[in-house]
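The file entry18.txt contains compact mmCIF, C-alpha atoms and all ligand atoms:
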```txt
# COMPACT_ATOMS: atom_id res chain seq x y z
CA MET A 1 -47.88 -48.11 40.82
CA LEU A 2 -44.11 -47.79 40.53
CA HIS A 3 -42.15 -50.89 39.49
CA ASN A 4 -38.55 -50.85 40.66
CA LEU A 5 -36.28 -53.45 39.05
CA GLY A 6 -33.21 -53.15 41.22
CA SER A 7 -30.41 -54.61 43.26
CA ILE A 8 -30.76 -56.12 46.71
CA ASN A 9 -27.45 -56.37 48.58
CA LEU A 10 -26.14 -57.54 51.89
CA ASP A 11 -24.12 -54.55 53.06
CA HIS A 12 -20.99 -55.31 55.13
CA PHE A 13 -20.19 -52.07 56.98
CA TYR A 14 -16.73 -51.37 58.40
CA ARG A 15 -16.32 -48.17 60.47
CA VAL A 16 -12.75 -47.01 59.83
CA PRO A 17 -10.67 -44.02 60.98
CA HIS A 18 -10.10 -43.11 57.31
CA LEU A 19 -10.83 -44.75 53.95
CA VAL A 20 -8.09 -47.32 53.35
CA HIS A 21 -5.12 -46.15 51.22
CA PRO A 22 -3.51 -48.28 48.46
CA GLY A 23 -1.23 -50.86 50.07
CA GLU A 24 -2.49 -50.13 53.59
CA THR A 25 -3.88 -52.68 56.08
CA LEU A 26 -6.32 -51.00 58.43
CA ALA A 27 -8.21 -52.23 61.49
CA SER A 28 -11.90 -51.25 61.67
CA HIS A 29 -13.64 -49.87 64.78
CA SER A 30 -16.73 -51.99 64.15
CA TYR A 31 -18.45 -54.31 61.69
CA GLN A 32 -22.16 -54.79 60.88
CA VAL A 33 -24.25 -56.46 58.18
CA GLY A 34 -27.48 -54.88 56.97
CA LEU A 35 -29.90 -54.63 54.07
CA GLY A 36 -28.77 -52.50 51.14
CA GLY A 37 -28.51 -52.26 47.39
CA LYS A 38 -29.59 -49.09 45.64
CA GLY A 39 -32.70 -50.84 44.33
CA ALA A 40 -33.84 -52.20 47.69
CA ASN A 41 -33.03 -48.94 49.49
CA GLN A 42 -35.09 -46.93 46.99
CA SER A 43 -38.07 -49.32 47.21
CA LEU A 44 -37.93 -49.33 51.00
CA ALA A 45 -37.71 -45.53 51.14
CA MET A 46 -40.65 -45.17 48.77
CA ALA A 47 -42.79 -47.56 50.83
CA LEU A 48 -41.85 -45.86 54.12
CA ALA A 49 -42.81 -42.55 52.51
CA GLY A 50 -46.27 -43.97 51.79
CA GLY A 51 -45.76 -44.78 48.09
CA GLN A 52 -47.01 -47.79 46.14
CA VAL A 53 -44.01 -49.75 44.93
CA CYS A 54 -43.49 -53.22 43.53
CA HIS A 55 -39.89 -54.46 43.68
CA TRP A 56 -38.47 -56.82 41.03
CA GLY A 57 -35.33 -58.45 42.38
CA ARG A 58 -33.24 -61.58 42.89
CA LEU A 59 -31.82 -62.86 46.17
CA GLY A 60 -29.93 -65.98 47.28
CA ARG A 61 -32.30 -68.53 48.82
CA GLN A 62 -30.75 -68.20 52.30
CA ASP A 63 -31.45 -64.45 52.40
CA GLY A 64 -35.24 -64.48 52.42
CA TRP A 65 -35.07 -62.19 55.50
CA ALA A 66 -34.24 -59.31 53.14
CA ARG A 67 -37.43 -59.92 51.13
CA ASP A 68 -39.43 -60.14 54.40
CA ARG A 69 -37.94 -56.84 55.52
CA LEU A 70 -39.11 -55.12 52.32
CA ALA A 71 -42.56 -56.70 52.64
CA ARG A 72 -42.95 -55.54 56.26
CA ALA A 73 -42.28 -51.97 55.13
CA GLY A 74 -45.09 -52.22 52.57
CA VAL A 75 -43.16 -53.07 49.39
CA ASP A 76 -44.96 -55.51 47.05
CA VAL A 77 -42.40 -58.36 46.87
CA THR A 78 -44.40 -60.73 44.63
CA HIS A 79 -41.59 -60.48 42.07
CA VAL A 80 -38.57 -60.83 44.35
CA GLU A 81 -37.22 -64.30 43.51
CA LEU A 82 -35.16 -66.50 45.81
CA VAL A 83 -32.58 -68.27 43.63
CA ASP A 84 -29.75 -70.79 43.95
CA GLU A 85 -27.06 -68.12 43.52
CA PRO A 86 -25.26 -65.94 46.03
CA SER A 87 -27.00 -62.65 46.82
CA GLY A 88 -25.30 -59.43 45.79
CA HIS A 89 -23.17 -57.86 48.49
CA ALA A 90 -21.27 -54.67 49.19
CA ILE A 91 -18.14 -54.00 51.24
CA ILE A 92 -18.60 -50.52 52.69
CA GLN A 93 -16.03 -48.46 54.57
CA VAL A 94 -17.40 -45.47 56.49
CA ASP A 95 -14.91 -42.99 57.93
CA ASP A 96 -15.13 -40.70 60.96
CA HIS A 97 -16.63 -37.92 58.77
CA GLY A 98 -19.43 -40.15 57.47
CA GLU A 99 -17.89 -40.49 53.99
CA ASN A 100 -17.89 -43.93 52.38
CA ALA A 101 -16.18 -46.12 49.78
CA ILE A 102 -18.02 -49.13 48.37
CA ILE A 103 -16.99 -52.32 46.56
CA LEU A 104 -19.85 -54.19 44.89
CA CYS A 105 -20.20 -57.88 44.12
CA PRO A 106 -23.36 -58.14 41.95
CA GLY A 107 -24.16 -61.85 42.53
CA ALA A 108 -27.84 -62.59 41.80
CA ASN A 109 -28.44 -58.95 40.79
CA HIS A 110 -26.80 -59.81 37.45
CA GLY A 111 -29.12 -62.72 36.65
CA PHE A 112 -31.99 -60.81 35.00
CA THR A 113 -33.17 -62.11 31.61
CA ARG A 114 -35.76 -61.33 28.99
CA ARG A 115 -38.24 -63.43 31.03
CA HIS A 116 -38.12 -60.86 33.87
CA HIS A 117 -38.47 -57.89 31.51
CA GLU A 118 -41.42 -59.42 29.70
CA ALA A 119 -43.13 -60.29 32.98
CA LEU A 120 -42.63 -56.73 34.26
CA CYS A 121 -43.89 -55.15 31.04
CA GLU A 122 -46.96 -57.43 31.02
CA THR A 123 -47.72 -56.67 34.68
CA ALA A 124 -47.26 -52.90 34.50
CA ARG A 125 -50.00 -50.70 33.07
CA PRO A 126 -49.20 -47.92 30.56
CA GLY A 127 -48.48 -44.80 32.59
CA ASP A 128 -46.99 -46.74 35.53
CA TRP A 129 -43.46 -45.76 36.48
CA LEU A 130 -40.41 -47.99 36.05
CA LEU A 131 -37.49 -47.07 38.32
CA VAL A 132 -34.01 -48.43 37.50
CA GLN A 133 -30.47 -48.01 38.86
CA ASN A 134 -27.19 -49.23 37.33
CA GLU A 135 -26.61 -52.25 39.59
CA CYS A 136 -28.47 -54.87 37.51
CA ASN A 137 -27.66 -56.39 34.12
CA ALA A 138 -29.47 -56.21 30.75
CA LEU A 139 -30.63 -52.60 31.15
CA PRO A 140 -30.82 -51.77 27.39
CA GLU A 141 -33.36 -54.57 26.90
CA LEU A 142 -35.34 -53.51 29.98
CA LEU A 143 -35.53 -49.85 28.93
CA GLU A 144 -36.55 -50.78 25.40
CA CYS A 145 -39.29 -53.11 26.67
CA ALA A 146 -40.57 -50.40 29.05
CA ARG A 147 -40.52 -47.77 26.32
CA GLN A 148 -42.61 -50.01 24.01
CA GLN A 149 -45.07 -50.64 26.85
CA GLY A 150 -45.53 -46.89 27.42
CA LEU A 151 -44.09 -46.87 30.95
CA ALA A 152 -42.70 -43.66 32.41
CA ILE A 153 -39.03 -44.39 33.16
CA ALA A 154 -37.02 -42.91 36.03
CA PHE A 155 -33.31 -43.77 35.90
CA ASN A 156 -30.58 -43.36 38.49
CA PRO A 157 -27.29 -44.12 36.68
CA ALA A 158 -25.49 -45.16 39.85
CA PRO A 159 -22.89 -46.45 40.05
CA MET A 160 -21.87 -44.68 36.83
CA SER A 161 -20.09 -46.75 34.18
CA ASP A 162 -19.36 -46.61 30.43
CA THR A 163 -22.34 -48.88 29.76
CA VAL A 164 -24.69 -46.05 30.79
CA LEU A 165 -23.56 -43.98 27.80
CA ALA A 166 -24.85 -46.69 25.45
CA LEU A 167 -28.34 -46.81 27.02
CA PRO A 168 -31.38 -45.28 25.27
CA LEU A 169 -31.55 -42.47 27.86
CA GLU A 170 -33.92 -40.46 25.68
CA ALA A 171 -36.54 -43.08 26.70
CA CYS A 172 -36.34 -41.78 30.30
CA GLN A 173 -38.78 -39.20 31.64
CA LEU A 174 -36.70 -38.52 34.74
CA LEU A 175 -33.01 -38.82 35.63
CA PHE A 176 -31.63 -38.74 39.20
CA VAL A 177 -27.96 -37.77 39.12
CA ASN A 178 -25.29 -36.53 41.50
CA ARG A 179 -22.54 -34.14 40.45
CA GLY A 180 -20.20 -36.82 39.07
CA GLU A 181 -22.94 -38.59 37.15
CA ALA A 182 -24.25 -35.33 35.69
CA ALA A 183 -20.77 -34.29 34.56
CA TRP A 184 -20.11 -37.69 32.97
CA LEU A 185 -23.42 -37.66 31.05
CA ALA A 186 -23.10 -34.03 29.98
CA GLY A 187 -19.40 -34.41 29.05
CA LEU A 188 -18.43 -31.51 31.37
CA PRO A 189 -15.87 -31.10 34.18
CA GLU A 190 -17.13 -32.17 37.62
CA THR A 191 -16.24 -28.72 38.90
CA SER A 192 -18.85 -27.09 36.62
CA ASP A 193 -21.51 -24.92 38.22
CA ALA A 194 -24.82 -26.72 38.85
CA ARG A 195 -26.62 -24.55 36.30
CA VAL A 196 -24.02 -25.43 33.65
CA LEU A 197 -24.48 -29.13 34.40
CA LEU A 198 -28.26 -28.79 34.13
CA GLU A 199 -27.91 -26.94 30.81
CA GLY A 200 -25.52 -29.62 29.53
CA LEU A 201 -27.94 -32.39 30.43
CA HIS A 202 -30.86 -30.51 28.88
CA ALA A 203 -28.88 -30.06 25.65
CA ARG A 204 -28.17 -33.80 25.55
CA LEU A 205 -31.64 -35.01 26.67
CA PRO A 206 -34.14 -32.20 25.97
CA ALA A 207 -37.25 -34.29 26.77
CA THR A 208 -35.93 -35.68 30.06
CA ALA A 209 -36.43 -33.99 33.43
CA THR A 210 -33.43 -34.02 35.80
CA VAL A 211 -33.08 -34.11 39.56
CA LEU A 212 -29.50 -33.11 40.45
CA THR A 213 -28.51 -33.89 44.05
CA LEU A 214 -25.44 -32.08 45.36
CA GLY A 215 -25.23 -33.03 49.04
CA ARG A 216 -24.27 -29.94 51.04
CA GLU A 217 -25.01 -27.75 47.98
CA GLY A 218 -28.69 -28.75 47.85
CA ALA A 219 -30.70 -30.24 44.99
CA TRP A 220 -32.16 -29.03 41.70
CA TYR A 221 -35.08 -30.06 39.51
CA GLN A 222 -35.11 -29.08 35.85
CA SER A 223 -37.58 -29.85 33.07
CA GLY A 224 -37.31 -27.66 29.98
CA SER A 225 -37.32 -24.06 31.23
CA GLU A 226 -38.81 -25.02 34.64
CA ARG A 227 -36.23 -25.05 37.43
CA HIS A 228 -36.52 -25.44 41.22
CA PHE A 229 -33.83 -25.37 43.89
CA GLN A 230 -33.94 -26.99 47.33
CA PRO A 231 -31.23 -25.78 49.74
CA ALA A 232 -29.35 -28.39 51.80
CA LEU A 233 -30.31 -28.79 55.46
CA PRO A 234 -27.64 -28.05 58.07
CA VAL A 235 -27.06 -31.47 59.66
CA ALA A 236 -23.94 -33.31 60.86
CA PRO A 237 -23.66 -36.57 58.88
CA VAL A 238 -22.52 -39.80 60.55
CA ASP A 239 -22.97 -41.98 57.45
CA THR A 240 -23.96 -40.79 53.98
CA THR A 241 -24.49 -44.35 52.61
CA GLY A 242 -27.87 -44.60 50.91
CA ALA A 243 -28.69 -40.87 51.25
CA GLY A 244 -29.29 -40.61 47.50
CA ASP A 245 -31.55 -43.68 47.63
CA THR A 246 -33.62 -42.20 50.46
CA PHE A 247 -33.94 -38.97 48.45
CA ILE A 248 -35.15 -40.84 45.35
CA GLY A 249 -37.68 -43.02 47.22
CA PHE A 250 -39.24 -40.04 49.00
CA PHE A 251 -39.23 -37.93 45.83
CA MET A 252 -41.04 -40.64 43.84
CA ALA A 253 -43.60 -41.17 46.62
CA ALA A 254 -44.38 -37.44 46.66
CA LEU A 255 -44.58 -37.38 42.85
CA GLN A 256 -47.00 -40.33 42.98
CA GLU A 257 -49.19 -38.19 45.30
CA GLN A 258 -49.03 -35.47 42.64
CA ARG A 259 -47.45 -32.98 45.02
CA SER A 260 -45.80 -29.90 43.53
CA LEU A 261 -42.17 -30.29 42.45
CA PRO A 262 -40.83 -27.94 45.17
CA ASP A 263 -42.75 -30.10 47.70
CA CYS A 264 -41.27 -33.29 46.21
CA LEU A 265 -37.77 -31.80 46.54
CA ALA A 266 -38.35 -30.63 50.12
CA PHE A 267 -39.85 -33.98 51.23
CA ALA A 268 -36.90 -35.87 49.70
CA ALA A 269 -34.23 -33.50 51.07
CA HIS A 270 -35.61 -33.69 54.62
CA ALA A 271 -35.75 -37.51 54.44
CA ALA A 272 -32.13 -37.69 53.23
CA ALA A 273 -31.02 -35.22 55.92
CA LEU A 274 -32.52 -37.47 58.61
CA GLY A 275 -30.96 -40.55 57.00
CA VAL A 276 -27.38 -39.24 57.02
CA GLN A 277 -27.57 -38.75 60.80
CA ARG A 278 -27.90 -42.54 61.28
CA PRO A 279 -25.62 -45.44 60.39
CA GLY A 280 -26.44 -47.98 57.67
CA ALA A 281 -28.18 -47.97 54.31
CA ALA A 282 -31.73 -49.38 54.58
CA ASP A 283 -31.48 -49.05 58.38
CA SER A 284 -31.00 -45.30 58.13
CA ILE A 285 -34.18 -44.55 56.14
CA PRO A 286 -36.70 -42.55 58.19
CA SER A 287 -40.48 -43.03 58.30
CA ARG A 288 -42.93 -40.62 56.68
CA ASP A 289 -44.01 -39.43 60.15
CA GLU A 290 -40.45 -38.54 61.11
CA VAL A 291 -39.98 -36.59 57.87
CA GLU A 292 -43.26 -34.73 58.28
CA ARG A 293 -42.35 -33.78 61.86
CA PHE A 294 -38.96 -32.54 60.63
CA LEU A 295 -40.63 -30.50 57.87
CA ALA A 296 -42.98 -28.94 60.41
CA SER A 297 -40.27 -28.28 63.03
CA PRO A 298 -39.59 -24.67 64.13
CA SER A 299 -36.10 -24.79 62.56
CA ASN A 300 -37.87 -24.90 59.18
CA ALA A 301 -40.10 -21.89 59.88
O1 LIG B 401 -26.42 -46.39 47.68
C1 LIG B 401 -25.96 -47.18 48.73
C2 LIG B 401 -25.92 -48.62 48.30
O2 LIG B 401 -24.94 -48.78 47.29
C3 LIG B 401 -24.62 -50.14 47.21
O3 LIG B 401 -25.54 -50.71 46.38
C4 LIG B 401 -24.75 -50.66 48.64
O4 LIG B 401 -25.35 -51.91 48.68
C5 LIG B 401 -25.52 -49.58 49.39
O5 LIG B 401 -26.62 -50.05 50.12
```

Show the structure stored in the file as structure tokens.
Ligand SMILES: OC[C@H]1O[C@H](O)[C@H](O)[C@@H]1O
Amino acid sequence: MLHNLGSINLDHFYRVPHLVHPGETLASHSYQVGLGGKGANQSLAMALAGGQVCHWGRLGRQDGWARDRLARAGVDVTHVELVDEPSGHAIIQVDDHGENAIILCPGANHGFTRRHHEALCETARPGDWLLVQNECNALPELLECARQQGLAIAFNPAPMSDTVLALPLEACQLLFVNRGEAAWLAGLPETSDARVLLEGLHARLPATATVLTLGREGAWYQSGSERHFQPALPVAPVDTTGAGDTFIGFFMAALQEQRSLPDCLAFAAHAAALGVQRPGAADSIPSRDEVERFLASPSNA
């Protein structure tokens, strides 16, 4: 089982001709609300990929539909609480090239306490995975509790902030990072070559495996001297929101099935490539069947 303690957001999407400039007032082409939050997206993606995932989250009482949506996809939502606080939400601009800019309001995602961590660590069995992103509070305590319980920890330090640098990252078995996050953690320029970033991360965290996602430049896996590269797929993105979350959910589902690491990378990259061709965050995540058809399609021969 994988336990994902993570954010659940209401995503407010605005399609805009370009990302708004400082001081500018800009009319949007369209507006939509959907399920999001890096935590919820990753749980949903993992369940749609066929993985076993239990989500630990907090939502405002009026937003039980979001919990139902996760449950319908196959996520275990026993530990998603409905609380008397506003749900987290995100204001998301998406431009005509599919690029986005996001403002987060954490709301109930910042209400985790020791009670939640203890409950998770008592429920999880040694060897289970814990997956965490950087959208919830009290992460040092959570990681410490998980380490003591013998859980395997996968961490996605998104969105990156100074607080990540103070976390016991050496407790993590697996890190999912994009270029900016890798550069920040390794203390290197963002323009560094992927191999330099991987070497920098390995020097800082020698016992932690890394998945480095680079969008159009593909994705890498590195653990010690083992390295695999997955090229990017040639697709035209309409909305890249949640692409990293789809990648992570599909990767963890494939890892749970004990597939080879190149297979995990390929499964995840194909899922993300399908996702970026659709609008929305959770709404853009493909099913396992769609991904398998894409993997088997003649264009991949
Ligand atoms: O990764 C995409 C997600 O980031 C923010 O958490 C938004 O809610 C969105 O769904």

Dump as CSV the rows for residues of chain A within 7 Å of ligand LIG 401 (chain B): closest atom pair and distance in Å with one decimal, all atoms listed in the file counted, ordered by chain and rising residue number.
```
residue,atom,partner,partner_atom,distance
A:Ser7,CA,B:LIG401,O3,7.0
A:Asn9,CA,B:LIG401,O4,4.9
A:Leu10,CA,B:LIG401,O4,6.5
A:Asp11,CA,B:LIG401,O4,5.3
A:Leu35,CA,B:LIG401,O5,6.9
A:Gly36,CA,B:LIG401,O5,3.4
A:Gly37,CA,B:LIG401,O4,3.4
A:Lys38,CA,B:LIG401,O3,4.4
A:Asn41,CA,B:LIG401,O5,6.5
A:His89,CA,B:LIG401,O4,6.3
A:Ala90,CA,B:LIG401,O4,5.0
A:Ile102,CA,B:LIG401,C3,6.8
A:Leu104,CA,B:LIG401,C3,6.7
A:Thr241,CA,B:LIG401,C1,5.0
A:Gly242,CA,B:LIG401,C1,3.9
A:Ala243,CA,B:LIG401,O1,7.0
A:Gly244,CA,B:LIG401,O1,6.5
A:Asp245,CA,B:LIG401,O1,5.8
A:Ala281,CA,B:LIG401,O5,4.9
A:Ala282,CA,B:LIG401,O5,6.8
```

Spatial neighbours of Ala71 in chain A, max dist 12 Å, only C-alpha atoms, sep filter under 6 positions, as a short mmCIF file (atom, residue, chain, number, x, y, z; two decimals) with C-alpha atoms, keeping the file's coordinate frame:
```
data_model
loop_
_atom_site.label_atom_id
_atom_site.label_comp_id
_atom_site.auth_asym_id
_atom_site.auth_seq_id
_atom_site.Cartn_x
_atom_site.Cartn_y
_atom_site.Cartn_z
CA ALA A 40 -33.84 -52.20 47.69
CA SER A 43 -38.07 -49.32 47.21
CA LEU A 44 -37.93 -49.33 51.00
CA ALA A 47 -42.79 -47.56 50.83
CA LEU A 48 -41.85 -45.86 54.12
CA GLN A 52 -47.01 -47.79 46.14
CA VAL A 53 -44.01 -49.75 44.93
CA CYS A 54 -43.49 -53.22 43.53
CA HIS A 55 -39.89 -54.46 43.68
CA GLY A 64 -35.24 -64.48 52.42
CA TRP A 65 -35.07 -62.19 55.50
CA VAL A 77 -42.40 -58.36 46.87
CA THR A 78 -44.40 -60.73 44.63
CA HIS A 79 -41.59 -60.48 42.07
CA VAL A 80 -38.57 -60.83 44.35
#
```

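Take the candidates A:Ala271, A:Val276, A:Ala146, A:Ala108 and check each one against Glu290 in chain A using all atoms listed in the file; the shortest distance goes to A:Ala271.
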
Checklist entry - Between A:Val291, A:Val238, A:Ile103, A:Ile91, which has the minimum distance to Pro279 in chain A (counting only C-alpha atoms)? => result A:Val238

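Using all atoms listed in the file, the shortest contact distance between His29 in chain A and any of A:Ala207, A:Met1, A:Ala272, A:Val16 is found at A:Val16.
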
Draw an axis-aligned box over all listed atoms of range 227-233 of chain A, pad each side with 8 Å, and write its centre and edge lengths in Å, one decimal, as JSON.
```
{"center_x": -32.9, "center_y": -26.9, "center_z": 46.4, "size_x": 23.2, "size_y": 19.7, "size_z": 34.0}
```

Checklist entry - Any idea what's packed within 10 Å of Tyr31 in chain A, counting only C-alpha atoms, ignoring anything in its chain fewer than 2 positions away? Could you give it as an NGL selection string? => result :A and (12-16 or 28-29 or 33 or 92-93)

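Considering the residues A:Asn134, A:Thr210, A:Gln62, A:Thr163 and counting all atoms listed in the file, Ala186 in chain A has its shortest atom-to-atom contact with A:Thr210.
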
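Between CA of Gly88 in chain A and CA of Arg58 in chain A the separation is 8.7 Å.
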
Checklist entry - Any idea what the distance is between CA of Pro140 in chain A and CA of Val164 in chain A? => result 9.0 Å

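When CA of Arg147 in chain A is paired with CA of Ala73 in chain A, their separation reads 29.2 Å.
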
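Comparing the minimum interatomic distances between Phe294 in chain A and each of A:Leu175, A:Ala268, A:Ala254, A:Ala158, counting only C-alpha atoms, we find that A:Ala268 sits nearest.
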
Checklist entry - Pick the closest to Ser192 in chain A from A:His117, A:Ser223, A:Ser284, A:Gly180: which is it, counting only C-alpha atoms? => result A:Gly180
